[in-house]
Amino acid sequence: MTSPTDDAIRTRVLDAADRLYNARGIQAVGMDALRAEAGVPLKRLYQLFPAKEAIVEQVLHRRHDLWNSLVEAAVATTPAPRDRLLAIYDMLARWFDEDDFRGCVFINTFGELGTVSPRLATIIREHKAEFQARLAGLCAEAGAPAGLAPQLAILAEGAQTTAAIAGSNEAAGHARAAAEILIDSALGGTRP
């Protein structure tokens, strides 16, 4: 019988960490709880991840990749540049309906650890900046000014927080409606 590889164990730990951090919060989950959930000896866990912050970093990197794939899948659903911007809010509505939705992991992590972990704060800021840059690219494709991108990002961020608190996907619809007004205003009131 062969033992699992380091990569397989790492994946098991990160899957468990993602589930537990999402459900309970990062600070509420100790290494022993993570060890038990992942089914990994504590010594082995520390061999793979020297500190809890290293695990949180990897969870955030994985969530970053997932977020980007969700955004790209959403914008790929339509060729119309204006509708590509709005597709992000449709994606949010679907995400908010998932049973394990607890809000944005980046916002939640920043709320818990952003002031005490400069490294995590940097990862979170980079993630949010990359999303705004992607929106800026979509705005440019639609012929809208660059200043529209941060406005649309704020709507998406606010929708995530509101949906997590309210336990409903309604915030995505409200954000989409507001985004439509902003987009049409930025495009000079004309719909392509």
# chains A, B, ... in the order shown; residues from 1 in each chain; ligands from 1
call {"tool": "select_by_dssp", "arguments": {"residues": "stretch 41-177 of chain A", "states": "helix (DSSP H, G or I)", "output": "MDAnalysis selection string"}}
result
chainID A and resid 42:48 52:75 81:96 105:113 118:142 148:166 170:177
call {"tool": "closest_atom_pairs", "arguments": {"of": "stretch 18-98 of chain A", "to": "stretch 135-143 of chain A", "cutoff": "7 Å", "atoms": "only C-alpha atoms", "output": "JSON lines"}}
result
{"residue": "A:Pro81", "atom": "CA", "partner": "A:Ala142", "partner_atom": "CA", "distance": 4.7}
{"residue": "A:Arg82", "atom": "CA", "partner": "A:Ala142", "partner_atom": "CA", "distance": 5.5}
{"residue": "A:Leu85", "atom": "CA", "partner": "A:Leu138", "partner_atom": "CA", "distance": 6.5}
call {"tool": "residues_around", "arguments": {"residues": "A:Met31", "least_positions_apart": "2", "cutoff": "10 Å", "atoms": "only C-alpha atoms", "output": "compact mmCIF listing (two decimals) with C-alpha atoms, in the first residue's frame"}}
result
# COMPACT_ATOMS: atom_id res chain seq x y z
CA ALA A 17 -9.17 24.48 5.35
CA ALA A 28 -12.13 29.96 14.98
CA VAL A 29 -10.38 27.02 13.28
CA ALA A 33 -9.46 20.96 14.01
CA LEU A 34 -7.89 21.28 10.57
CA ARG A 35 -5.79 18.18 11.18
CA ALA A 36 -8.88 16.22 12.17
CA GLU A 37 -10.93 17.43 9.19
CA LEU A 42 -0.38 17.24 13.11
CA LEU A 45 0.54 19.14 8.63
CA TYR A 46 3.33 21.31 10.02
CA ALA A 51 2.31 28.14 9.87
CA LYS A 52 -1.42 28.68 9.65
call {"tool": "residues_around", "arguments": {"residues": "A:Gln132", "least_positions_apart": "4", "cutoff": "10 Å", "atoms": "only C-alpha atoms", "output": "ChimeraX atom specification"}}
result
/A:126-128,136-138,146,148-154
call {"tool": "write_last_selection", "arguments": {"atoms": "C-alpha atoms", "output": "mmCIF file, in the first residue's frame"}}
result
data_model
loop_
_atom_site.group_PDB
_atom_site.id
_atom_site.type_symbol
_atom_site.label_atom_id
_atom_site.label_comp_id
_atom_site.auth_asym_id
_atom_site.auth_seq_id
_atom_site.Cartn_x
_atom_site.Cartn_y
_atom_site.Cartn_z
ATOM 1 C CA GLU A 126 -3.993 42.307 -5.309
ATOM 2 C CA HIS A 127 -7.061 40.123 -5.851
ATOM 3 C CA LYS A 128 -9.421 43.097 -5.648
ATOM 4 C CA ALA A 136 -11.696 48.082 -16.740
ATOM 5 C CA GLY A 137 -10.868 45.851 -19.699
ATOM 6 C CA LEU A 138 -14.524 44.945 -20.139
ATOM 7 C CA ALA A 146 -12.234 53.617 -17.183
ATOM 8 C CA LEU A 148 -16.867 52.983 -14.599
ATOM 9 C CA ALA A 149 -14.835 49.936 -13.520
ATOM 10 C CA PRO A 150 -14.398 50.875 -9.829
ATOM 11 C CA GLN A 151 -18.075 51.795 -9.634
ATOM 12 C CA LEU A 152 -19.082 48.383 -10.979
ATOM 13 C CA ALA A 153 -16.601 46.687 -8.635
ATOM 14 C CA ILE A 154 -18.121 48.466 -5.643
#
call {"tool": "closest_atom_pairs", "arguments": {"of": "stretch 76-119 of chain A", "to": "stretch 173-192 of chain A", "cutoff": "8 Å", "atoms": "only C-alpha atoms", "output": "JSON lines"}}
result
{"residue": "A:Arg82", "atom": "CA", "partner": "A:Ile183", "partner_atom": "CA", "distance": 7.4}
{"residue": "A:Leu86", "atom": "CA", "partner": "A:Arg176", "partner_atom": "CA", "distance": 6.3}
{"residue": "A:Tyr89", "atom": "CA", "partner": "A:Arg176", "partner_atom": "CA", "distance": 5.4}
{"residue": "A:Asp90", "atom": "CA", "partner": "A:Arg176", "partner_atom": "CA", "distance": 7.6}
{"residue": "A:Ala93", "atom": "CA", "partner": "A:Gly173", "partner_atom": "CA", "distance": 7.1}
call {"tool": "closest_residue", "arguments": {"among": "A:Glu57, A:Glu157, A:Glu72, A:Asp6", "to": "A:Leu113", "atoms": "only C-alpha atoms"}}
result
A:Glu57
call {"tool": "decode", "arguments": {"residues": "stretch 18-165 of chain A", "atoms": "C-alpha atoms", "output": "mmCIF file, in the first residue's frame"}}
result
data_model
loop_
_atom_site.group_PDB
_atom_site.id
_atom_site.type_symbol
_atom_site.label_atom_id
_atom_site.label_comp_id
_atom_site.auth_asym_id
_atom_site.auth_seq_id
_atom_site.Cartn_x
_atom_site.Cartn_y
_atom_site.Cartn_z
ATOM 1 C CA ASP A 18 -11.340 26.077 2.693
ATOM 2 C CA ARG A 19 -14.461 24.320 4.001
ATOM 3 C CA LEU A 20 -13.737 25.083 7.663
ATOM 4 C CA TYR A 21 -12.620 28.686 7.161
ATOM 5 C CA ASN A 22 -15.667 29.356 5.009
ATOM 6 C CA ALA A 23 -18.048 27.827 7.537
ATOM 7 C CA ARG A 24 -16.514 29.063 10.804
ATOM 8 C CA GLY A 25 -13.979 31.789 10.035
ATOM 9 C CA ILE A 26 -10.214 31.529 10.094
ATOM 10 C CA GLN A 27 -9.522 32.421 13.698
ATOM 11 C CA ALA A 28 -12.134 29.963 14.977
ATOM 12 C CA VAL A 29 -10.378 27.021 13.280
ATOM 13 C CA GLY A 30 -7.285 25.756 15.069
ATOM 14 C CA MET A 31 -4.657 23.517 13.571
ATOM 15 C CA ASP A 32 -5.984 20.532 15.509
ATOM 16 C CA ALA A 33 -9.458 20.963 14.007
ATOM 17 C CA LEU A 34 -7.895 21.285 10.572
ATOM 18 C CA ARG A 35 -5.785 18.185 11.175
ATOM 19 C CA ALA A 36 -8.876 16.219 12.168
ATOM 20 C CA GLU A 37 -10.930 17.425 9.191
ATOM 21 C CA ALA A 38 -8.137 16.648 6.732
ATOM 22 C CA GLY A 39 -7.241 13.343 8.381
ATOM 23 C CA VAL A 40 -3.568 14.276 8.547
ATOM 24 C CA PRO A 41 -1.246 13.896 11.547
ATOM 25 C CA LEU A 42 -0.385 17.245 13.111
ATOM 26 C CA LYS A 43 3.339 16.679 12.582
ATOM 27 C CA ARG A 44 2.736 16.049 8.867
ATOM 28 C CA LEU A 45 0.537 19.136 8.631
ATOM 29 C CA TYR A 46 3.329 21.311 10.017
ATOM 30 C CA GLN A 47 5.866 19.678 7.684
ATOM 31 C CA LEU A 48 3.778 20.775 4.703
ATOM 32 C CA PHE A 49 2.690 24.136 6.101
ATOM 33 C CA PRO A 50 5.011 25.745 8.642
ATOM 34 C CA ALA A 51 2.305 28.136 9.868
ATOM 35 C CA LYS A 52 -1.424 28.683 9.654
ATOM 36 C CA GLU A 53 -0.838 31.825 7.596
ATOM 37 C CA ALA A 54 0.757 29.676 4.865
ATOM 38 C CA ILE A 55 -2.439 27.633 4.655
ATOM 39 C CA VAL A 56 -4.603 30.756 4.528
ATOM 40 C CA GLU A 57 -2.408 32.150 1.720
ATOM 41 C CA GLN A 58 -2.857 28.983 -0.331
ATOM 42 C CA VAL A 59 -6.622 28.963 0.271
ATOM 43 C CA LEU A 60 -6.772 32.566 -0.958
ATOM 44 C CA HIS A 61 -4.711 31.739 -4.062
ATOM 45 C CA ARG A 62 -7.059 28.859 -4.863
ATOM 46 C CA ARG A 63 -10.117 31.075 -4.329
ATOM 47 C CA HIS A 64 -8.525 33.723 -6.550
ATOM 48 C CA ASP A 65 -8.217 31.183 -9.360
ATOM 49 C CA LEU A 66 -11.799 30.011 -8.800
ATOM 50 C CA TRP A 67 -13.111 33.595 -8.832
ATOM 51 C CA ASN A 68 -11.271 34.345 -12.077
ATOM 52 C CA SER A 69 -12.660 31.212 -13.715
ATOM 53 C CA LEU A 70 -16.206 32.145 -12.629
ATOM 54 C CA VAL A 71 -15.803 35.673 -14.016
ATOM 55 C CA GLU A 72 -14.380 34.394 -17.294
ATOM 56 C CA ALA A 73 -17.116 31.786 -17.666
ATOM 57 C CA ALA A 74 -19.745 34.466 -17.013
ATOM 58 C CA VAL A 75 -18.402 36.952 -19.549
ATOM 59 C CA ALA A 76 -18.012 34.198 -22.136
ATOM 60 C CA THR A 77 -21.782 33.677 -22.154
ATOM 61 C CA THR A 78 -22.415 36.655 -24.435
ATOM 62 C CA PRO A 79 -20.498 38.427 -27.181
ATOM 63 C CA ALA A 80 -22.071 41.860 -26.510
ATOM 64 C CA PRO A 81 -19.597 43.960 -24.480
ATOM 65 C CA ARG A 82 -22.327 45.676 -22.420
ATOM 66 C CA ASP A 83 -23.927 42.333 -21.570
ATOM 67 C CA ARG A 84 -20.546 40.876 -20.622
ATOM 68 C CA LEU A 85 -20.362 43.433 -17.814
ATOM 69 C CA LEU A 86 -23.864 42.543 -16.634
ATOM 70 C CA ALA A 87 -23.143 38.806 -16.808
ATOM 71 C CA ILE A 88 -20.931 39.196 -13.742
ATOM 72 C CA TYR A 89 -23.971 40.109 -11.649
ATOM 73 C CA ASP A 90 -25.872 37.103 -13.026
ATOM 74 C CA MET A 91 -22.941 34.943 -11.929
ATOM 75 C CA LEU A 92 -23.123 36.528 -8.472
ATOM 76 C CA ALA A 93 -26.814 35.640 -8.196
ATOM 77 C CA ARG A 94 -26.037 31.983 -8.938
ATOM 78 C CA TRP A 95 -23.154 31.972 -6.440
ATOM 79 C CA PHE A 96 -25.276 33.577 -3.720
ATOM 80 C CA ASP A 97 -27.743 30.682 -4.070
ATOM 81 C CA GLU A 98 -25.113 28.046 -3.272
ATOM 82 C CA ASP A 99 -25.629 26.318 0.081
ATOM 83 C CA ASP A 100 -22.126 27.116 1.303
ATOM 84 C CA PHE A 101 -22.125 30.803 0.332
ATOM 85 C CA ARG A 102 -20.850 32.850 3.291
ATOM 86 C CA GLY A 103 -19.713 35.954 1.437
ATOM 87 C CA CYS A 104 -16.432 36.846 -0.177
ATOM 88 C CA VAL A 105 -13.530 34.958 1.390
ATOM 89 C CA PHE A 106 -11.270 37.918 0.658
ATOM 90 C CA ILE A 107 -13.512 40.409 2.436
ATOM 91 C CA ASN A 108 -14.025 37.977 5.317
ATOM 92 C CA THR A 109 -10.298 37.289 5.635
ATOM 93 C CA PHE A 110 -9.444 40.972 5.534
ATOM 94 C CA GLY A 111 -11.998 41.591 8.275
ATOM 95 C CA GLU A 112 -10.425 38.894 10.438
ATOM 96 C CA LEU A 113 -6.727 39.249 9.689
ATOM 97 C CA GLY A 114 -6.080 42.221 7.410
ATOM 98 C CA THR A 115 -4.709 44.434 10.159
ATOM 99 C CA VAL A 116 -2.458 41.783 11.708
ATOM 100 C CA SER A 117 -1.117 40.085 8.575
ATOM 101 C CA PRO A 118 0.428 42.419 5.999
ATOM 102 C CA ARG A 119 1.090 39.454 3.685
ATOM 103 C CA LEU A 120 -2.569 38.419 3.629
ATOM 104 C CA ALA A 121 -3.663 42.049 3.228
ATOM 105 C CA THR A 122 -1.400 42.310 0.169
ATOM 106 C CA ILE A 123 -2.856 39.141 -1.391
ATOM 107 C CA ILE A 124 -6.379 40.454 -0.815
ATOM 108 C CA ARG A 125 -5.598 43.895 -2.248
ATOM 109 C CA GLU A 126 -3.993 42.307 -5.309
ATOM 110 C CA HIS A 127 -7.061 40.123 -5.851
ATOM 111 C CA LYS A 128 -9.421 43.097 -5.648
ATOM 112 C CA ALA A 129 -7.181 45.202 -7.914
ATOM 113 C CA GLU A 130 -7.085 42.415 -10.494
ATOM 114 C CA PHE A 131 -10.892 42.233 -10.505
ATOM 115 C CA GLN A 132 -11.095 45.997 -11.054
ATOM 116 C CA ALA A 133 -8.540 45.713 -13.861
ATOM 117 C CA ARG A 134 -10.631 42.983 -15.505
ATOM 118 C CA LEU A 135 -13.693 45.197 -15.235
ATOM 119 C CA ALA A 136 -11.696 48.082 -16.740
ATOM 120 C CA GLY A 137 -10.868 45.851 -19.699
ATOM 121 C CA LEU A 138 -14.524 44.945 -20.139
ATOM 122 C CA CYS A 139 -15.483 48.627 -19.857
ATOM 123 C CA ALA A 140 -12.957 49.509 -22.570
ATOM 124 C CA GLU A 141 -14.407 46.788 -24.822
ATOM 125 C CA ALA A 142 -17.850 48.325 -24.309
ATOM 126 C CA GLY A 143 -16.560 51.823 -25.078
ATOM 127 C CA ALA A 144 -17.140 53.042 -21.517
ATOM 128 C CA PRO A 145 -14.742 55.240 -19.558
ATOM 129 C CA ALA A 146 -12.234 53.617 -17.183
ATOM 130 C CA GLY A 147 -13.919 55.332 -14.222
ATOM 131 C CA LEU A 148 -16.867 52.983 -14.599
ATOM 132 C CA ALA A 149 -14.835 49.936 -13.520
ATOM 133 C CA PRO A 150 -14.398 50.875 -9.829
ATOM 134 C CA GLN A 151 -18.075 51.795 -9.634
ATOM 135 C CA LEU A 152 -19.082 48.383 -10.979
ATOM 136 C CA ALA A 153 -16.601 46.687 -8.635
ATOM 137 C CA ILE A 154 -18.121 48.466 -5.643
ATOM 138 C CA LEU A 155 -21.541 47.206 -6.683
ATOM 139 C CA ALA A 156 -20.226 43.632 -6.925
ATOM 140 C CA GLU A 157 -18.408 43.872 -3.579
ATOM 141 C CA GLY A 158 -21.414 45.406 -1.867
ATOM 142 C CA ALA A 159 -23.691 42.751 -3.306
ATOM 143 C CA GLN A 160 -21.453 39.995 -1.908
ATOM 144 C CA THR A 161 -21.470 41.479 1.564
ATOM 145 C CA THR A 162 -25.199 42.216 1.526
ATOM 146 C CA ALA A 163 -26.054 38.735 0.246
ATOM 147 C CA ALA A 164 -23.946 37.110 2.956
ATOM 148 C CA ILE A 165 -25.690 39.091 5.676
#
